[in-house]
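**Student:** Sharing coords-v8.cif, mmCIF, C-alpha atoms:
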```
data_start
#
loop_
_atom_site.label_atom_id
_atom_site.label_comp_id
_atom_site.auth_asym_id
_atom_site.auth_seq_id
_atom_site.Cartn_x
_atom_site.Cartn_y
_atom_site.Cartn_z
CA MET A 124 143.22 118.16 104.55
CA PRO A 125 140.11 116.11 105.20
CA ALA A 126 139.20 116.13 101.50
CA ASP A 127 142.41 114.24 100.74
CA HIS A 128 141.55 111.83 103.49
CA TYR A 129 138.17 111.12 101.98
CA LYS A 130 139.66 110.68 98.55
CA GLU A 131 142.17 108.21 99.81
CA PHE A 132 139.52 106.37 101.76
CA ALA A 133 137.23 106.16 98.73
CA LEU A 134 140.08 104.92 96.55
CA ARG A 135 141.02 102.26 99.06
CA THR A 136 137.39 101.13 99.32
CA LEU A 137 137.12 100.94 95.55
CA ARG A 138 140.30 98.92 95.31
CA LEU A 139 139.03 96.53 97.95
CA ALA A 140 135.70 96.15 96.19
CA ALA A 141 137.49 95.46 92.91
CA CYS A 142 139.57 92.75 94.61
CA ALA A 143 136.46 91.19 96.10
CA LEU A 144 134.74 91.24 92.71
CA MET A 145 137.68 89.61 91.00
CA PHE A 146 137.77 86.98 93.67
CA ALA A 147 134.05 86.32 93.34
CA GLY A 148 134.36 86.22 89.57
CA GLY A 149 137.16 83.71 89.79
CA GLN A 150 135.11 81.62 92.18
CA ALA A 151 132.10 81.67 89.88
CA ALA A 152 134.20 80.70 86.89
CA TRP A 153 135.78 77.96 88.93
CA ALA A 154 132.42 76.68 90.12
CA ALA A 155 131.03 76.80 86.58
CA GLY A 156 134.05 74.91 85.31
CA GLN A 157 133.63 72.33 88.04
CA THR A 158 130.01 71.58 87.29
CA ALA A 159 130.42 71.81 83.53
CA SER A 160 133.10 69.16 83.63
CA ASP A 161 130.76 66.80 85.47
CA PRO A 162 127.56 66.48 83.44
CA GLY A 163 126.26 63.84 85.82
CA LEU A 164 125.99 66.45 88.55
CA ALA A 165 124.45 69.33 86.71
CA PRO A 166 123.06 68.42 83.31
CA THR A 167 121.59 71.85 82.67
CA VAL A 168 124.85 73.78 82.65
CA ALA A 169 125.74 75.32 79.32
CA ALA A 170 128.92 74.15 77.68
CA ASP A 171 129.95 77.73 77.05
CA LEU A 172 131.53 79.10 80.21
CA ALA A 173 131.10 82.75 79.24
CA LEU A 174 127.41 82.10 78.69
CA GLU A 175 127.19 80.30 82.01
CA ALA A 176 128.80 83.26 83.78
CA ASP A 177 126.12 85.51 82.27
CA VAL A 178 123.42 83.07 83.32
CA MET A 179 124.72 83.09 86.87
CA GLU A 180 125.02 86.88 86.92
CA LEU A 181 121.40 87.25 85.84
CA SER A 182 120.20 84.48 88.11
CA HIS A 183 121.64 86.25 91.13
CA LYS A 184 119.52 89.28 90.31
CA LEU A 185 116.27 87.34 90.12
CA ARG A 186 114.34 86.26 93.17
CA CYS A 187 112.93 82.78 93.42
CA LEU A 188 109.21 82.96 94.13
CA VAL A 189 109.12 79.66 95.95
CA CYS A 190 111.83 80.33 98.52
CA GLN A 191 111.47 84.06 98.53
CA ASN A 192 114.74 84.96 100.19
CA GLN A 193 116.87 83.14 97.68
CA SER A 194 117.78 84.11 94.16
CA ILE A 195 117.09 81.63 91.39
CA ALA A 196 120.83 81.05 91.30
CA GLU A 197 120.85 79.84 94.90
CA SER A 198 117.54 78.05 95.06
CA ASN A 199 117.07 74.46 94.07
CA ALA A 200 113.31 74.73 93.93
CA PRO A 201 112.03 73.22 90.66
CA LEU A 202 110.74 76.61 89.54
CA ALA A 203 114.18 78.15 90.08
CA VAL A 204 115.74 75.40 87.97
CA ASP A 205 113.14 76.01 85.24
CA LEU A 206 113.78 79.74 85.31
CA ARG A 207 117.55 79.24 85.18
CA ASP A 208 117.01 77.05 82.13
CA GLN A 209 114.88 79.77 80.60
CA VAL A 210 117.55 82.39 81.24
CA ARG A 211 120.21 80.12 79.72
CA GLU A 212 118.08 79.25 76.71
CA GLN A 213 117.23 82.86 75.96
CA LEU A 214 120.77 84.12 76.37
CA ALA A 215 121.98 81.30 74.13
CA ALA A 216 119.39 82.37 71.55
CA GLY A 217 121.09 85.76 71.46
CA ASN A 218 118.69 87.79 73.60
CA SER A 219 120.19 90.59 75.64
CA LYS A 220 120.31 90.50 79.42
CA GLN A 221 117.65 93.19 79.55
CA ASP A 222 115.40 91.11 77.29
CA VAL A 223 115.67 88.19 79.67
CA ILE A 224 114.94 90.34 82.71
CA ASP A 225 111.94 91.85 80.92
CA TYR A 226 110.75 88.34 80.09
CA VAL A 227 110.77 87.26 83.72
CA VAL A 228 109.33 90.53 85.02
CA ALA A 229 106.47 90.37 82.49
CA ARG A 230 105.43 87.06 84.03
CA TYR A 231 106.25 87.42 87.70
CA GLY A 232 106.29 91.17 88.29
CA ASP A 233 108.79 93.57 89.84
CA PHE A 234 108.86 91.34 92.90
CA VAL A 235 111.41 89.06 91.21
CA LEU A 236 113.94 91.86 90.95
CA TYR A 237 116.28 92.20 93.88
CA GLN A 238 116.88 95.71 92.63
CA PRO A 239 113.39 97.02 91.92
CA PRO A 240 112.92 99.91 89.48
CA PHE A 241 112.23 103.39 90.81
CA ARG A 242 108.50 104.02 90.54
CA ALA A 243 105.80 105.81 92.47
CA SER A 244 105.05 102.54 94.26
CA THR A 245 108.69 101.91 95.16
CA ALA A 246 109.66 105.51 95.94
CA VAL A 247 109.36 104.97 99.70
CA LEU A 248 111.64 101.97 99.41
CA TRP A 249 114.34 103.93 97.62
CA VAL A 250 114.05 107.28 99.33
CA GLY A 251 112.86 106.18 102.78
CA PRO A 252 116.21 105.20 104.33
CA ALA A 253 117.92 108.39 103.12
CA LEU A 254 115.01 110.47 104.43
CA LEU A 255 115.21 108.77 107.80
CA LEU A 256 118.97 109.22 107.95
CA PHE A 257 119.01 112.89 107.01
CA GLY A 258 115.86 113.63 108.98
CA GLY A 259 117.42 112.05 112.05
CA ALA A 260 120.72 113.83 111.54
CA GLY A 261 118.93 117.14 111.06
CA TRP A 262 116.88 116.65 114.20
CA LEU A 263 119.98 115.74 116.18
CA ALA A 264 121.87 118.80 114.91
CA TRP A 265 118.92 121.02 115.81
CA ARG A 266 118.70 119.55 119.31
CA LEU A 267 122.42 119.91 119.94
CA ARG A 268 122.46 123.51 118.77
CA ARG A 269 119.46 124.35 120.91
CA ARG A 270 121.04 122.82 123.96
CA GLN A 271 124.23 124.79 123.35
CA GLU A 272 122.19 127.97 123.13
CA GLU A 273 120.40 127.11 126.35
CA VAL A 274 123.66 126.61 128.14
CA ALA A 275 125.06 129.80 126.68
CA ALA A 276 121.94 131.78 127.60
CA ASP A 277 122.08 130.50 131.15
CA HIS A 278 124.58 132.95 132.58
CA GLY A 279 124.71 130.89 135.67
CA LEU A 280 124.03 131.89 139.20
CA SER A 281 122.35 134.74 140.91
CA ALA A 282 124.44 136.96 143.18
CA ALA A 283 123.24 135.18 146.33
CA GLU A 284 123.99 131.75 144.87
CA ARG A 285 127.39 132.92 143.81
CA GLU A 286 128.08 134.15 147.29
CA ARG A 287 127.05 130.81 148.77
CA ALA A 288 129.13 128.86 146.31
CA ARG A 289 132.16 130.93 147.15
CA ALA A 290 131.61 130.28 150.81
CA LEU A 291 131.25 126.54 150.22
CA LEU A 292 134.44 126.44 148.21
CA ALA A 293 136.22 128.27 150.97
CA GLY A 294 135.22 125.44 153.26
CA ALA A 295 132.92 127.45 155.48
CA ASP A 296 130.37 124.93 156.67
CA GLU A 297 128.24 127.48 158.40
CA ALA A 298 127.42 128.99 155.01
CA ALA A 299 125.34 125.89 154.24
CA PRO A 300 121.71 126.24 155.23
CA LYS A 301 120.72 124.25 158.27
CA SER A 302 119.01 121.27 156.76
CA GLU A 303 117.30 118.31 158.36
CA SER A 304 117.40 116.19 155.24
CA PRO A 305 118.91 112.73 155.73
CA GLU A 306 121.67 113.39 153.18
CA SER A 307 123.11 116.25 155.16
CA ARG A 308 123.07 114.27 158.36
CA SER A 309 124.84 111.21 157.04
CA MET B 178 104.26 119.88 126.66
CA LYS B 179 104.71 118.02 129.91
CA ALA B 180 103.63 114.80 128.18
CA LYS B 181 106.99 114.65 126.38
CA PHE B 182 107.85 111.41 128.13
CA LEU B 183 104.98 109.80 126.20
CA VAL B 184 106.69 110.33 122.85
CA PRO B 185 108.72 107.08 122.87
CA LEU B 186 105.63 105.17 123.92
CA LEU B 187 103.63 106.66 121.06
CA LEU B 188 106.45 105.88 118.63
CA PHE B 189 106.40 102.33 119.90
CA PHE B 190 102.65 102.07 119.31
CA ALA B 191 103.04 103.44 115.80
CA LEU B 192 105.75 100.88 115.05
CA ALA B 193 103.68 98.09 116.60
CA ALA B 194 100.71 99.12 114.46
CA PHE B 195 102.81 98.92 111.29
CA LEU B 196 104.28 95.55 112.24
CA GLY B 197 100.86 94.27 113.26
CA PHE B 198 99.48 95.26 109.87
CA GLY B 199 102.42 93.49 108.25
CA LEU B 200 101.45 90.28 110.03
CA THR B 201 98.08 90.29 108.30
CA LEU B 202 99.71 90.31 104.85
CA ASN B 203 100.66 87.13 103.09
CA PRO B 204 104.10 87.46 101.50
CA ARG B 205 103.39 84.36 99.41
CA GLU B 206 100.73 86.21 97.48
CA VAL B 207 102.71 88.12 94.93
CA PRO B 208 100.48 90.29 92.76
CA SER B 209 100.56 89.07 89.17
CA PRO B 210 101.53 91.60 86.50
CA LEU B 211 99.25 89.69 84.12
CA ILE B 212 95.99 90.93 85.65
CA GLY B 213 94.10 92.95 83.03
CA LYS B 214 96.36 91.67 80.25
CA PRO B 215 95.53 89.11 77.57
CA ALA B 216 96.21 85.58 78.74
CA PRO B 217 99.42 84.21 77.18
CA GLU B 218 98.72 82.26 74.01
CA PHE B 219 99.35 78.54 74.13
CA THR B 220 98.39 75.32 72.43
CA LEU B 221 98.85 72.13 74.39
CA ALA B 222 97.90 68.49 74.03
CA ARG B 223 94.60 67.52 75.65
CA LEU B 224 94.59 65.01 78.43
CA ASP B 225 91.54 63.18 77.14
CA GLN B 226 92.71 63.14 73.50
CA PRO B 227 96.48 63.74 73.49
CA GLU B 228 96.60 63.77 69.69
CA GLN B 229 94.39 66.88 69.76
CA ARG B 230 95.54 70.25 70.91
CA PHE B 231 93.69 72.91 72.81
CA ALA B 232 94.23 76.60 72.13
CA LEU B 233 93.19 79.56 74.19
CA GLU B 234 90.90 80.94 71.47
CA GLU B 235 88.54 78.00 71.86
CA MET B 236 87.26 79.59 75.05
CA ARG B 237 86.75 83.02 73.50
CA GLY B 238 83.34 84.44 74.31
CA GLU B 239 83.17 82.66 77.66
CA VAL B 240 84.03 83.67 81.19
CA TRP B 241 86.06 80.74 82.46
CA LEU B 242 88.64 79.52 84.93
CA LEU B 243 92.06 78.11 84.18
CA ASN B 244 92.99 75.92 87.11
CA VAL B 245 96.60 74.78 87.46
CA TRP B 246 96.80 71.34 89.02
CA ALA B 247 98.90 68.19 89.32
CA SER B 248 98.37 64.84 90.94
CA TRP B 249 101.46 65.33 93.16
CA CYS B 250 100.11 68.63 94.48
CA VAL B 251 98.87 68.18 98.01
CA ALA B 252 96.89 71.42 98.23
CA CYS B 253 95.07 70.44 95.03
CA ARG B 254 93.49 67.61 96.98
CA GLU B 255 92.04 70.18 99.34
CA GLU B 256 90.50 72.27 96.59
CA HIS B 257 89.40 69.47 94.30
CA PRO B 258 86.04 68.73 95.99
CA VAL B 259 85.21 72.42 95.69
CA LEU B 260 85.95 72.32 91.96
CA VAL B 261 83.88 69.17 91.53
CA ARG B 262 80.93 70.83 93.27
CA MET B 263 81.38 73.92 91.09
CA ALA B 264 81.23 71.70 88.01
CA GLN B 265 78.12 69.91 89.24
CA GLN B 266 76.39 73.24 89.80
CA LYS B 267 77.67 74.43 86.41
CA LEU B 268 78.88 77.67 87.96
CA VAL B 269 81.62 78.33 85.45
CA PRO B 270 83.57 76.28 82.90
CA ILE B 271 86.94 75.19 84.29
CA VAL B 272 89.88 74.23 82.11
CA GLY B 273 92.63 72.28 83.85
CA LEU B 274 96.27 73.03 83.21
CA ASN B 275 98.07 69.91 84.32
CA TYR B 276 101.40 71.33 85.42
CA LYS B 277 104.59 69.24 85.23
CA GLU B 278 102.72 66.08 86.11
CA VAL B 279 105.82 63.89 86.05
CA ARG B 280 108.88 66.08 86.47
CA GLY B 281 107.19 68.21 89.11
CA ASP B 282 106.82 65.19 91.36
CA GLY B 283 109.74 65.29 93.76
CA ALA B 284 109.30 61.59 94.48
CA LEU B 285 110.15 60.63 90.90
CA ASN B 286 113.54 60.71 89.27
CA VAL B 287 112.95 61.59 85.65
CA ARG B 288 116.50 62.46 84.67
CA GLY B 289 117.16 61.15 81.20
CA MET B 290 113.57 60.08 80.63
CA ALA B 291 112.46 60.42 77.02
CA LEU B 292 109.75 63.00 76.44
CA ASP B 293 107.39 60.39 74.95
CA THR B 294 107.76 58.14 77.97
CA GLU B 295 107.23 61.11 80.26
CA THR B 296 104.11 62.19 78.37
CA ASP B 297 102.64 58.69 78.51
CA LEU B 298 103.34 58.49 82.23
CA ALA B 299 101.83 61.95 82.77
CA ILE B 300 98.64 61.00 80.92
CA GLN B 301 98.35 57.78 82.87
CA ARG B 302 98.88 59.47 86.26
CA ALA B 303 96.65 62.45 85.56
CA ARG B 304 93.79 60.33 84.23
CA ARG B 305 93.95 58.00 87.20
CA TRP B 306 93.85 60.96 89.56
CA LEU B 307 90.78 62.40 87.87
CA THR B 308 89.09 59.01 87.92
CA ASP B 309 89.78 58.69 91.64
CA HIS B 310 88.84 62.21 92.67
CA GLY B 311 86.32 63.27 90.05
CA ASP B 312 86.82 65.36 86.94
CA PRO B 313 85.51 68.93 87.24
CA TYR B 314 87.19 70.10 84.05
CA VAL B 315 85.71 70.87 80.66
CA LEU B 316 89.04 69.51 79.58
CA SER B 317 92.60 69.40 80.83
CA VAL B 318 95.77 70.14 78.91
CA LEU B 319 99.26 68.81 79.53
CA ASP B 320 102.04 71.24 80.37
CA ILE B 321 104.75 68.61 80.57
CA ASP B 322 107.74 70.94 80.96
CA GLY B 323 105.97 73.78 82.78
CA ARG B 324 106.70 76.28 80.04
CA VAL B 325 103.11 77.49 79.77
CA GLY B 326 103.08 77.65 83.56
CA ILE B 327 105.99 80.08 83.43
CA ASP B 328 104.16 82.16 80.80
CA PHE B 329 101.28 82.44 83.26
CA GLY B 330 103.64 83.30 86.11
CA VAL B 331 102.76 80.13 88.00
CA TYR B 332 104.95 79.59 91.04
CA GLY B 333 102.87 77.46 93.33
CA VAL B 334 100.22 74.92 92.46
CA PRO B 335 97.26 75.22 92.71
CA GLU B 336 96.64 78.55 91.06
CA THR B 337 93.48 79.67 89.34
CA PHE B 338 93.03 82.35 86.68
CA LEU B 339 89.73 84.01 85.87
CA ILE B 340 89.63 84.83 82.17
CA ASP B 341 86.99 87.00 80.51
CA ARG B 342 85.22 86.77 77.17
CA GLU B 343 88.02 88.57 75.36
CA GLY B 344 90.66 86.30 76.79
CA LYS B 345 91.97 88.76 79.36
CA ILE B 346 93.09 87.60 82.77
CA ARG B 347 90.89 89.35 85.30
CA TYR B 348 91.85 87.71 88.55
CA LYS B 349 94.35 85.23 89.92
CA HIS B 350 93.92 83.13 93.01
CA ILE B 351 97.03 81.57 94.51
CA GLY B 352 96.57 78.47 96.62
CA PRO B 353 93.58 76.17 97.02
CA ILE B 354 90.05 77.44 96.41
CA THR B 355 88.30 76.84 99.70
CA PRO B 356 84.50 77.12 100.05
CA GLU B 357 85.05 80.50 101.74
CA VAL B 358 87.29 81.78 98.94
CA LEU B 359 84.73 80.60 96.40
CA LYS B 360 81.85 82.32 98.13
CA GLN B 361 83.53 85.51 99.24
CA VAL B 362 86.00 86.18 96.45
CA LEU B 363 85.72 84.05 93.36
CA LEU B 364 81.96 84.03 92.74
CA PRO B 365 81.60 87.81 93.18
CA LYS B 366 84.55 88.27 90.81
CA ILE B 367 82.98 85.96 88.24
CA GLU B 368 79.70 87.86 88.50
CA GLU B 369 81.52 91.15 88.09
CA VAL B 370 83.36 89.96 84.99
CA ARG B 371 80.14 88.54 83.50
CA ARG B 372 78.29 91.79 84.06
CA ALA B 373 81.13 93.77 82.54
CA GLY B 374 80.45 91.84 79.34
#
```
Would you kindly transcribe this structure into structure tokens?
**Tutor:**
Amino acid sequence: MPADHYKEFALRTLRLAACALMFAGGQAAWAAGQTASDPGLAPTVAADLALEADVMELSHKLRCLVCQNQSIAESNAPLAVDLRDQVREQLAAGNSKQDVIDYVVARYGDFVLYQPPFRASTAVLWVGPALLLFGGAGWLAWRLRRRQEEVAADHGLSAAERERARALLAGADEAAPKSESPESRS
Amino acid sequence: MKAKFLVPLLLFFALAAFLGFGLTLNPREVPSPLIGKPAPEFTLARLDQPEQRFALEEMRGEVWLLNVWASWCVACREEHPVLVRMAQQKLVPIVGLNYKEVRGDGALNVRGMALDTETDLAIQRARRWLTDHGDPYVLSVLDIDGRVGIDFGVYGVPETFLIDREGKIRYKHIGPITPEVLKQVLLPKIEEVRRAG
């Protein structure tokens, strides 16, 4: 049953994703531990590792406006460092993750979010790819069906053509029309 | 119907038109969500009299510019003569927000520097810069740690905010004010805001 297949496939994908996440989480914790233990390298890292993990999680969701294709977690631009400090400070003060995101968005706009909210202005962004995919698939299906119908509707040859084809298959050369085209001569 | 072979070509032209339009946009200019909203409140030490503080309300009732600058900012050098000329012609009052004067300078290592030392150094550097290049500002304030800059959504110096009589941000210009920008964008905007009351 294909449904079982899909289920198994989905489960396997999920399991893989979970593994990858755990690995990434471990890495992040390890990295945080590394830097936290060396204050000379990174003086702005919070002592609390759980807090630092939250800071990193949020920082990965926020785009740096100076180097626009990096998150503020990845960028070393001074603004990114400032914003990371802000995130850390606010989380340490007990603000929720959503509060911190709202704080940054209020100042820098939706552009800082790698996952922008669904709005009228971002609808094309969210819906566009799906529309293109299904539109394309629909068009392809329509074309294929039409071609099949064309082939089916084309019952083939007229009686004369059929006769000639039979003659050709039987190997009777004289059935071919006398042609002076170069192909027939060669 | 026979022109079917033209379809890919037309699709190509449509795509090229979109991409061509994209080339005319500047991805660095991120629209500020603060436009039309009250400017963030702040009080900061003044550059000329550091023991005094300047608050946003002091400019209430005026249409004015808040210009974010720093002596380490290269593009500020480009716009500064324009600001000085604007001040000479008394076009509009300009308040300077001196942004991370010391710690923003990549050439300096300020790790572990005491805040007092940093403030003194910032005052010294900023004053010298204004002496050398001219001072177009009604006054400048010191944003040592860039916190007020973040409240204003500053991400690249220079930036300039046009603030109306009620203290609302009406326009933001990112990057240096060139004579063209002044004439074609900023002055008309200032006029518009003044007329609006």
**Student:** Would you kindly translate the PyMOL selection byres ((chain B) within 9 of (chain A)) into the concrete residues it picks from this file, as a VMD selection string?
**Tutor:** chain B and resid 204 to 205 207 to 211 280 to 281 283 288 322 to 324 327 to 333
**Student:** Distance CA of His257 (chain B)-CA of Ile346 (chain B), one decimal place?
**Tutor:**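 Those two atoms sit 21.8 Å apart.
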**Student:** State, in Å with one decimal place, the distance from CA of Trp249 (chain A) to CA of Lys220 (chain A).
**Tutor:**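 Between these atoms lies a distance of 23.4 Å.
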**Student:** Could you expand the PyMOL selection byres ((chain B and resi 334-341) around 7) into the explicit residues it covers here, written as an MDAnalysis selection string?
**Tutor:** chainID B and resid 239:246 250 252:253 332:333 342:353 370
**Student:** Measure the distance from CA of Gly251 (chain A) to CA of Gly199 (chain B) in Å and round it to one decimal.
**Tutor:**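 A separation of 17.3 Å between them.
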**Student:** Which residues are near region 314-320 of chain B? Cut-off 10 Å, only C-alpha atoms, ignore same chain within fewer than 4 positions. Put them as a VMD selection string.
**Tutor:** chain B and resid 219 to 227 229 to 232 242 to 247 260 to 261 263 to 264 269 to 278 296 299 to 300 303 to 304 307 324 to 326
**Student:** Can you list, as a list in words, every protein, DNA or RNA residue that comes within 7 Å of Ser194 (chain A) when you count only C-alpha atoms, leaving out same-chain residues fewer than 5 positions away?
**Tutor:**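 These residues fall inside the cut-off: Ser182, His183, Lys184, Leu185, Arg186 and Cys187 of chain A.
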**Student:** Mind dumping the selected residues with C-alpha atoms as a PDB file, keeping the file's coordinate frame?
**Tutor:**
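So selection-v5.pdb came out as:
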```pdb
ATOM      1  CA  SER A 182     120.200  84.480  88.110  1.00  0.00           C
ATOM      2  CA  HIS A 183     121.640  86.250  91.130  1.00  0.00           C
ATOM      3  CA  LYS A 184     119.520  89.280  90.310  1.00  0.00           C
ATOM      4  CA  LEU A 185     116.270  87.340  90.120  1.00  0.00           C
ATOM      5  CA  ARG A 186     114.340  86.260  93.170  1.00  0.00           C
ATOM      6  CA  CYS A 187     112.930  82.780  93.420  1.00  0.00           C
TER       7      CYS A 187
END
```
**Student:** Spell out the residues picked by the PyMOL selection byres ((chain B and resi 356-360) around 10) here, as a list of chain:residue names.
**Tutor:**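 Applying the expression gives B:Glu256, B:Pro258, B:Val259, B:Leu260, B:Arg262, B:Met263, B:His350, B:Pro353, B:Ile354, B:Thr355, B:Gln361, B:Val362, B:Leu363, B:Leu364, B:Pro365, B:Lys366, B:Ile367.
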**Student:** My list of candidates is A:Val223, A:Leu181, A:Leu291, A:Ala276. Which is closest to Tyr237 (chain A) when distances are computed with all atoms listed in the file?
**Tutor:**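 Of the candidates, the smallest distance to Tyr237 (chain A) is held by A:Leu181.
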